[in-house]
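Everything below belongs to start_5.cif, which stores mmCIF, C-alpha atoms.
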```
data_input
#
loop_
_atom_site.label_atom_id
_atom_site.label_comp_id
_atom_site.auth_asym_id
_atom_site.auth_seq_id
_atom_site.Cartn_x
_atom_site.Cartn_y
_atom_site.Cartn_z
CA MET T 290 -41.79 7.51 -9.47
CA LYS T 291 -40.47 5.49 -6.53
CA THR T 292 -42.97 3.96 -4.19
CA GLY T 293 -40.61 4.01 -1.22
CA LYS T 294 -40.77 0.22 -0.97
CA LYS T 295 -37.52 -1.28 0.30
CA CYS T 296 -35.88 -4.40 -1.07
CA LEU T 297 -36.78 -7.29 1.23
CA VAL T 298 -33.40 -8.94 0.76
CA CYS T 299 -31.38 -5.75 1.36
CA THR T 300 -33.23 -5.15 4.62
CA SER T 301 -33.01 -8.78 5.73
CA PRO T 302 -30.56 -9.73 8.49
CA ASP T 303 -29.73 -12.72 6.25
CA LYS T 304 -28.69 -10.54 3.29
CA ASP T 305 -25.06 -11.78 3.21
CA ALA T 306 -26.11 -15.43 3.38
CA ILE T 307 -28.72 -14.90 0.66
CA ASN T 308 -26.17 -13.17 -1.56
CA ALA T 309 -23.70 -16.00 -1.01
CA LYS T 310 -26.29 -18.58 -2.07
CA LEU T 311 -27.30 -16.57 -5.13
CA ILE T 312 -23.66 -16.23 -6.14
CA THR T 313 -23.15 -19.98 -5.95
CA GLY T 314 -26.05 -20.42 -8.37
CA LEU T 315 -28.73 -21.71 -6.01
CA SER T 316 -32.14 -21.14 -7.60
CA VAL T 317 -34.23 -18.10 -6.71
CA ARG T 318 -37.05 -20.41 -5.67
CA ALA T 319 -34.83 -22.44 -3.29
CA VAL T 320 -33.35 -19.30 -1.70
CA GLY T 321 -36.80 -17.75 -1.32
CA GLU T 322 -38.18 -20.87 0.36
CA GLU T 323 -35.21 -21.12 2.72
CA TYR T 324 -35.52 -17.51 3.93
CA ASN T 325 -39.31 -17.15 3.55
CA ILE T 326 -38.98 -14.36 0.97
CA SER T 327 -40.96 -14.36 -2.26
CA LYS T 328 -39.36 -15.61 -5.45
CA SER T 329 -40.02 -12.25 -7.11
CA ALA T 330 -38.28 -10.32 -4.29
CA ILE T 331 -35.24 -12.60 -4.50
CA SER T 332 -35.20 -12.28 -8.30
CA TYR T 333 -35.49 -8.48 -8.13
CA HIS T 334 -32.63 -8.31 -5.64
CA ARG T 335 -30.44 -10.62 -7.73
CA THR T 336 -31.00 -8.49 -10.84
CA HIS T 337 -30.87 -4.99 -9.37
CA HIS T 338 -28.83 -5.10 -6.16
CA LEU T 339 -26.52 -8.11 -6.18
CA PRO T 340 -24.18 -6.74 -8.91
CA ARG T 341 -23.80 -3.47 -6.98
CA ASP T 342 -23.02 -5.38 -3.80
CA LEU T 343 -20.45 -7.54 -5.58
CA VAL T 344 -18.72 -4.46 -7.01
CA LYS T 345 -18.62 -2.82 -3.57
CA SER T 346 -17.28 -5.99 -2.04
CA LYS T 347 -14.55 -6.26 -4.68
CA GLN T 348 -13.58 -2.60 -4.22
CA LEU T 349 -13.38 -3.02 -0.45
CA ALA T 350 -11.25 -6.14 -0.88
CA GLU T 351 -8.91 -4.24 -3.22
CA VAL T 352 -8.57 -1.35 -0.77
CA ASP T 353 -7.91 -3.81 2.06
CA ALA T 354 -5.25 -5.59 0.02
CA ALA T 355 -3.59 -2.27 -0.85
CA ASN T 356 -3.58 -1.20 2.80
CA LYS T 357 -2.00 -4.50 3.83
CA LEU T 358 0.69 -4.08 1.16
CA VAL T 359 1.52 -0.59 2.40
CA GLU T 360 1.68 -1.88 5.99
CA ARG T 361 4.09 -4.62 4.93
CA ILE T 362 6.34 -2.15 3.11
CA GLU T 363 6.28 0.21 6.10
CA GLY T 364 7.24 -2.75 8.28
CA LEU T 365 10.18 -3.52 6.01
CA TYR T 366 11.25 0.12 6.20
CA ALA T 367 11.10 0.08 10.00
CA ARG T 368 13.14 -3.15 10.10
CA ALA T 369 15.73 -1.66 7.75
CA ILE T 370 16.08 1.40 10.00
CA SER T 371 16.54 -0.90 13.01
CA LEU T 372 19.20 -2.87 11.14
CA ILE T 373 21.01 0.37 10.27
CA ASP T 374 21.18 1.29 13.96
CA VAL T 375 22.44 -2.16 14.97
CA ALA T 376 25.01 -2.37 12.15
CA GLU T 377 26.35 1.11 12.83
CA GLY T 378 26.51 0.39 16.56
CA ASP T 379 28.56 -2.73 15.81
CA LYS T 380 30.68 -0.76 13.29
CA LYS T 381 29.58 -3.15 10.53
CA TYR T 382 29.46 -0.54 7.81
CA ALA T 383 28.90 -2.92 4.89
CA ALA T 384 25.78 -4.25 6.61
CA SER T 385 24.72 -0.69 7.38
CA VAL T 386 25.07 0.28 3.72
CA SER T 387 22.90 -2.69 2.72
CA ALA T 388 20.25 -1.72 5.25
CA ILE T 389 20.31 1.88 4.03
CA ARG T 390 19.74 0.67 0.47
CA GLU T 391 16.77 -1.39 1.65
CA ALA T 392 15.34 1.58 3.56
CA ARG T 393 15.73 3.76 0.48
CA ALA T 394 14.06 1.15 -1.72
CA SER T 395 11.14 0.89 0.72
CA LEU T 396 10.72 4.66 0.72
CA GLU T 397 10.80 4.77 -3.06
CA LEU T 398 8.24 1.98 -3.30
CA LEU T 399 5.91 3.75 -0.86
CA ALA T 400 6.28 6.95 -2.90
CA ARG T 401 5.45 5.09 -6.12
CA ILE T 402 2.40 3.43 -4.56
CA SER T 403 1.11 6.75 -3.23
CA GLY T 404 1.63 8.37 -6.63
CA GLU T 405 4.23 10.81 -5.38
CA ILE T 406 6.70 9.30 -7.85
CA LYS T 407 5.43 8.13 -11.23
CA SER T 408 6.40 4.61 -12.23
CA GLY T 409 9.07 4.45 -14.89
CA THR T 410 10.46 7.90 -14.18
CA HIS T 411 13.90 8.63 -12.91
CA LEU T 412 14.54 10.98 -10.05
CA THR T 413 16.70 13.94 -10.96
CA PHE T 414 17.82 16.18 -8.15
CA VAL T 415 18.72 19.80 -8.65
CA TYR T 416 20.83 21.13 -5.81
CA SER T 417 22.05 24.54 -4.92
CA PRO T 418 25.74 25.02 -5.71
CA GLN T 419 26.41 25.30 -1.96
CA TRP T 420 24.90 21.86 -1.32
CA VAL T 421 26.87 20.25 -4.14
CA ASP T 422 30.11 21.74 -2.77
CA LEU T 423 29.36 20.66 0.81
CA ARG T 424 28.43 17.13 -0.26
CA GLN T 425 31.63 16.82 -2.31
CA THR T 426 33.74 18.11 0.59
CA LEU T 427 32.23 15.54 2.97
CA VAL T 428 32.76 12.66 0.58
CA GLN T 429 36.36 13.70 -0.14
CA ALA T 430 37.14 14.10 3.56
CA LEU T 431 36.01 10.52 4.15
CA GLU T 432 38.16 8.97 1.39
CA PRO T 433 40.67 7.53 3.93
CA TYR T 434 37.71 5.77 5.60
CA PRO T 435 35.94 3.83 2.83
CA ASP T 436 33.38 2.11 5.07
CA ALA T 437 32.37 5.36 6.75
CA ARG T 438 32.39 7.13 3.38
CA ALA T 439 29.96 4.55 1.95
CA VAL T 440 27.64 4.92 4.94
CA VAL T 441 27.62 8.72 4.67
CA VAL T 442 27.00 8.65 0.92
CA ASP T 443 24.07 6.28 1.36
CA ALA T 444 22.67 8.29 4.29
CA LEU T 445 22.83 11.44 2.17
CA GLU T 446 20.99 9.67 -0.64
CA VAL T 447 18.28 8.48 1.75
CA ALA T 448 17.92 11.99 3.20
CA GLU T 449 17.65 13.44 -0.31
CA ILE T 450 14.93 10.96 -1.27
CA GLU T 451 13.03 11.65 1.95
CA GLN T 452 13.26 15.37 1.22
CA VAL T 453 11.77 14.84 -2.25
CA ILE T 454 9.02 12.62 -0.89
CA THR T 455 8.02 14.86 2.00
CA GLY T 456 8.64 18.07 0.08
#
```
Here is a file; write its structure as structure tokens.
Amino acid sequence: MKTGKKCLVCTSPDKDAINAKLITGLSVRAVGEEYNISKSAISYHRTHHLPRDLVKSKQLAEVDAANKLVERIEGLYARAISLIDVAEGDKKYAASVSAIREARASLELLARISGEIKSGTHLTFVYSPQWVDLRQTLVQALEPYPDARAVVVDALEVAEIEQVITG
């Protein structure tokens, strides 16, 4: 049965500093003397609460790192979209195609990270016959304009991936 007694270290305003000293291997006695907490209270905390705190800290650090990675990928996606706009405005279709590929890769990576696309799987699209016919007609109509054709093909691929990702 619990007595309702709280851990003196966990309730101390110096908890983080105490944990840091315990982690570095400073003796229980030295930490207790420095913070005026009994050796037994420090020892109890080190045995029963410090491992839990370390696990929480590691989990929070991992979540923070994952969030930063997602933010960086989203930033790359936004930059790629900006580059597409600039390249198309300047009629630099080869550069536009490259930027579209980068945008598509960023979207795919975000989908893999979020679990929407399983790693190691290949995307297979099933289209209605009407869509396949329309897509083929567009691509054929643009054959005399290879730069524009490449841009349209890549834009269609990006739109198809976005449709799969967003459902």
Requested in this report: Tell me which residues the PyMOL selection byres ((chain T and resi 440) around 9) grabs here, as number ranges by chain.
Outcome: T: 377, 382-383, 385-386, 389, 435-439, 441-445
Could you write those residues out with C-alpha atoms, as an mmCIF file, in the frame of the given file?
```cif
data_model
loop_
_atom_site.group_PDB
_atom_site.id
_atom_site.type_symbol
_atom_site.label_atom_id
_atom_site.label_comp_id
_atom_site.auth_asym_id
_atom_site.auth_seq_id
_atom_site.Cartn_x
_atom_site.Cartn_y
_atom_site.Cartn_z
ATOM 1 C CA GLU T 377 26.350 1.110 12.830
ATOM 2 C CA TYR T 382 29.460 -0.540 7.810
ATOM 3 C CA ALA T 383 28.900 -2.920 4.890
ATOM 4 C CA SER T 385 24.720 -0.690 7.380
ATOM 5 C CA VAL T 386 25.070 0.280 3.720
ATOM 6 C CA ILE T 389 20.310 1.880 4.030
ATOM 7 C CA PRO T 435 35.940 3.830 2.830
ATOM 8 C CA ASP T 436 33.380 2.110 5.070
ATOM 9 C CA ALA T 437 32.370 5.360 6.750
ATOM 10 C CA ARG T 438 32.390 7.130 3.380
ATOM 11 C CA ALA T 439 29.960 4.550 1.950
ATOM 12 C CA VAL T 441 27.620 8.720 4.670
ATOM 13 C CA VAL T 442 27.000 8.650 0.920
ATOM 14 C CA ASP T 443 24.070 6.280 1.360
ATOM 15 C CA ALA T 444 22.670 8.290 4.290
ATOM 16 C CA LEU T 445 22.830 11.440 2.170
#
```
Query raised in the report: Looking at all atoms listed in the file, which of T:Leu427, T:Asp422, T:Ser387, T:Lys357 is the one that sits closest to Ala369 (chain T)?
Result: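 Nearest to Ala369 (chain T): T:Ser387.
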Query raised in the report: Quick one, how far is CA of Ala392 (chain T) from CA of Trp420 (chain T)?
Result: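 Atom-to-atom, CA of Ala392 (chain T) to CA of Trp420 (chain T), that is 22.9 Å.
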Report task. For the file shown, report as a PyMOL selection string the outcome of the PyMOL selection byres ((chain T and resi 316-333) around 9) at residue level. Result -> chain T and resi 296-298+303+307+310-311+314-315+334-338
**Report entry** Gap from CA of Arg368 (chain T) to CA of Glu446 (chain T) - Å, one decimal
**Finding:**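 Taking CA of Arg368 (chain T) and CA of Glu446 (chain T), their separation equals 18.5 Å.
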Query - Between CA of Ser346 (chain T) and CA of Cys299 (chain T), distance in Å (one decimal) - result: 14.5 Å
Requested in this report: Can you turn the PyMOL selection byres ((chain T and resi 365) around 12) into a concrete residue list for this file, as a PyMOL selection string?
Outcome: chain T and resi 358-364+366-372+388-396+398-399
So that I can look at just that part, could you write region 311-341 of chain T with N, CA and C atoms, as a compact mmCIF listing (two decimals), in the first residue's frame?
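out.txt written:
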```txt
# COMPACT_ATOMS: atom_id res chain seq x y z
N LEU T 311 23.65 12.82 -11.29
CA LEU T 311 23.58 11.37 -11.11
C LEU T 311 23.98 10.64 -12.39
N ILE T 312 23.59 11.17 -13.51
CA ILE T 312 23.93 10.55 -14.80
C ILE T 312 25.44 10.58 -15.02
N THR T 313 26.09 11.65 -14.60
CA THR T 313 27.54 11.74 -14.81
C THR T 313 28.31 10.85 -13.84
N GLY T 314 27.60 10.26 -12.88
CA GLY T 314 28.26 9.32 -11.97
C GLY T 314 28.67 9.91 -10.64
N LEU T 315 28.26 11.13 -10.36
CA LEU T 315 28.57 11.73 -9.06
C LEU T 315 27.90 10.88 -7.98
N SER T 316 28.56 10.71 -6.86
CA SER T 316 28.05 9.82 -5.81
C SER T 316 26.75 10.36 -5.22
N VAL T 317 25.94 9.42 -4.74
CA VAL T 317 24.67 9.75 -4.10
C VAL T 317 24.92 10.66 -2.91
N ARG T 318 25.96 10.36 -2.16
CA ARG T 318 26.29 11.15 -0.97
C ARG T 318 26.62 12.59 -1.36
N ALA T 319 27.46 12.77 -2.40
CA ALA T 319 27.86 14.12 -2.82
C ALA T 319 26.66 14.92 -3.33
N VAL T 320 25.80 14.26 -4.11
CA VAL T 320 24.61 14.95 -4.63
C VAL T 320 23.68 15.33 -3.48
N GLY T 321 23.48 14.40 -2.55
CA GLY T 321 22.62 14.68 -1.40
C GLY T 321 23.12 15.84 -0.58
N GLU T 322 24.43 15.90 -0.35
CA GLU T 322 25.02 17.00 0.44
C GLU T 322 24.84 18.33 -0.30
N GLU T 323 25.06 18.30 -1.63
CA GLU T 323 24.97 19.55 -2.39
C GLU T 323 23.56 20.13 -2.37
N TYR T 324 22.54 19.27 -2.40
CA TYR T 324 21.16 19.76 -2.49
C TYR T 324 20.38 19.59 -1.19
N ASN T 325 21.09 19.20 -0.12
CA ASN T 325 20.49 19.04 1.19
C ASN T 325 19.30 18.07 1.17
N ILE T 326 19.52 16.94 0.48
CA ILE T 326 18.53 15.86 0.42
C ILE T 326 19.23 14.60 0.90
N SER T 327 18.52 13.80 1.67
CA SER T 327 19.15 12.61 2.26
C SER T 327 19.70 11.67 1.19
N LYS T 328 20.74 10.96 1.59
CA LYS T 328 21.37 9.97 0.71
C LYS T 328 20.34 8.92 0.28
N SER T 329 19.49 8.51 1.19
CA SER T 329 18.51 7.46 0.87
C SER T 329 17.46 7.98 -0.13
N ALA T 330 17.08 9.24 -0.04
CA ALA T 330 16.12 9.81 -0.99
C ALA T 330 16.74 9.91 -2.38
N ILE T 331 18.01 10.32 -2.43
CA ILE T 331 18.71 10.40 -3.72
C ILE T 331 18.85 8.99 -4.31
N SER T 332 19.22 8.04 -3.49
CA SER T 332 19.40 6.66 -3.95
C SER T 332 18.08 6.08 -4.46
N TYR T 333 17.00 6.32 -3.72
CA TYR T 333 15.68 5.83 -4.14
C TYR T 333 15.32 6.43 -5.50
N HIS T 334 15.51 7.71 -5.65
CA HIS T 334 15.19 8.39 -6.90
C HIS T 334 16.02 7.81 -8.05
N ARG T 335 17.32 7.64 -7.80
CA ARG T 335 18.21 7.11 -8.85
C ARG T 335 17.74 5.72 -9.30
N THR T 336 17.32 4.90 -8.36
CA THR T 336 16.91 3.53 -8.69
C THR T 336 15.53 3.46 -9.32
N HIS T 337 14.59 4.21 -8.80
CA HIS T 337 13.19 4.06 -9.21
C HIS T 337 12.69 5.08 -10.23
N HIS T 338 13.24 6.27 -10.24
CA HIS T 338 12.69 7.33 -11.10
C HIS T 338 13.62 7.79 -12.22
N LEU T 339 14.91 7.76 -12.00
CA LEU T 339 15.84 8.24 -13.01
C LEU T 339 15.73 7.47 -14.33
N PRO T 340 15.66 6.13 -14.32
CA PRO T 340 15.51 5.42 -15.60
C PRO T 340 14.26 5.85 -16.37
N ARG T 341 13.16 6.03 -15.68
CA ARG T 341 11.92 6.48 -16.33
C ARG T 341 12.10 7.86 -16.95
```
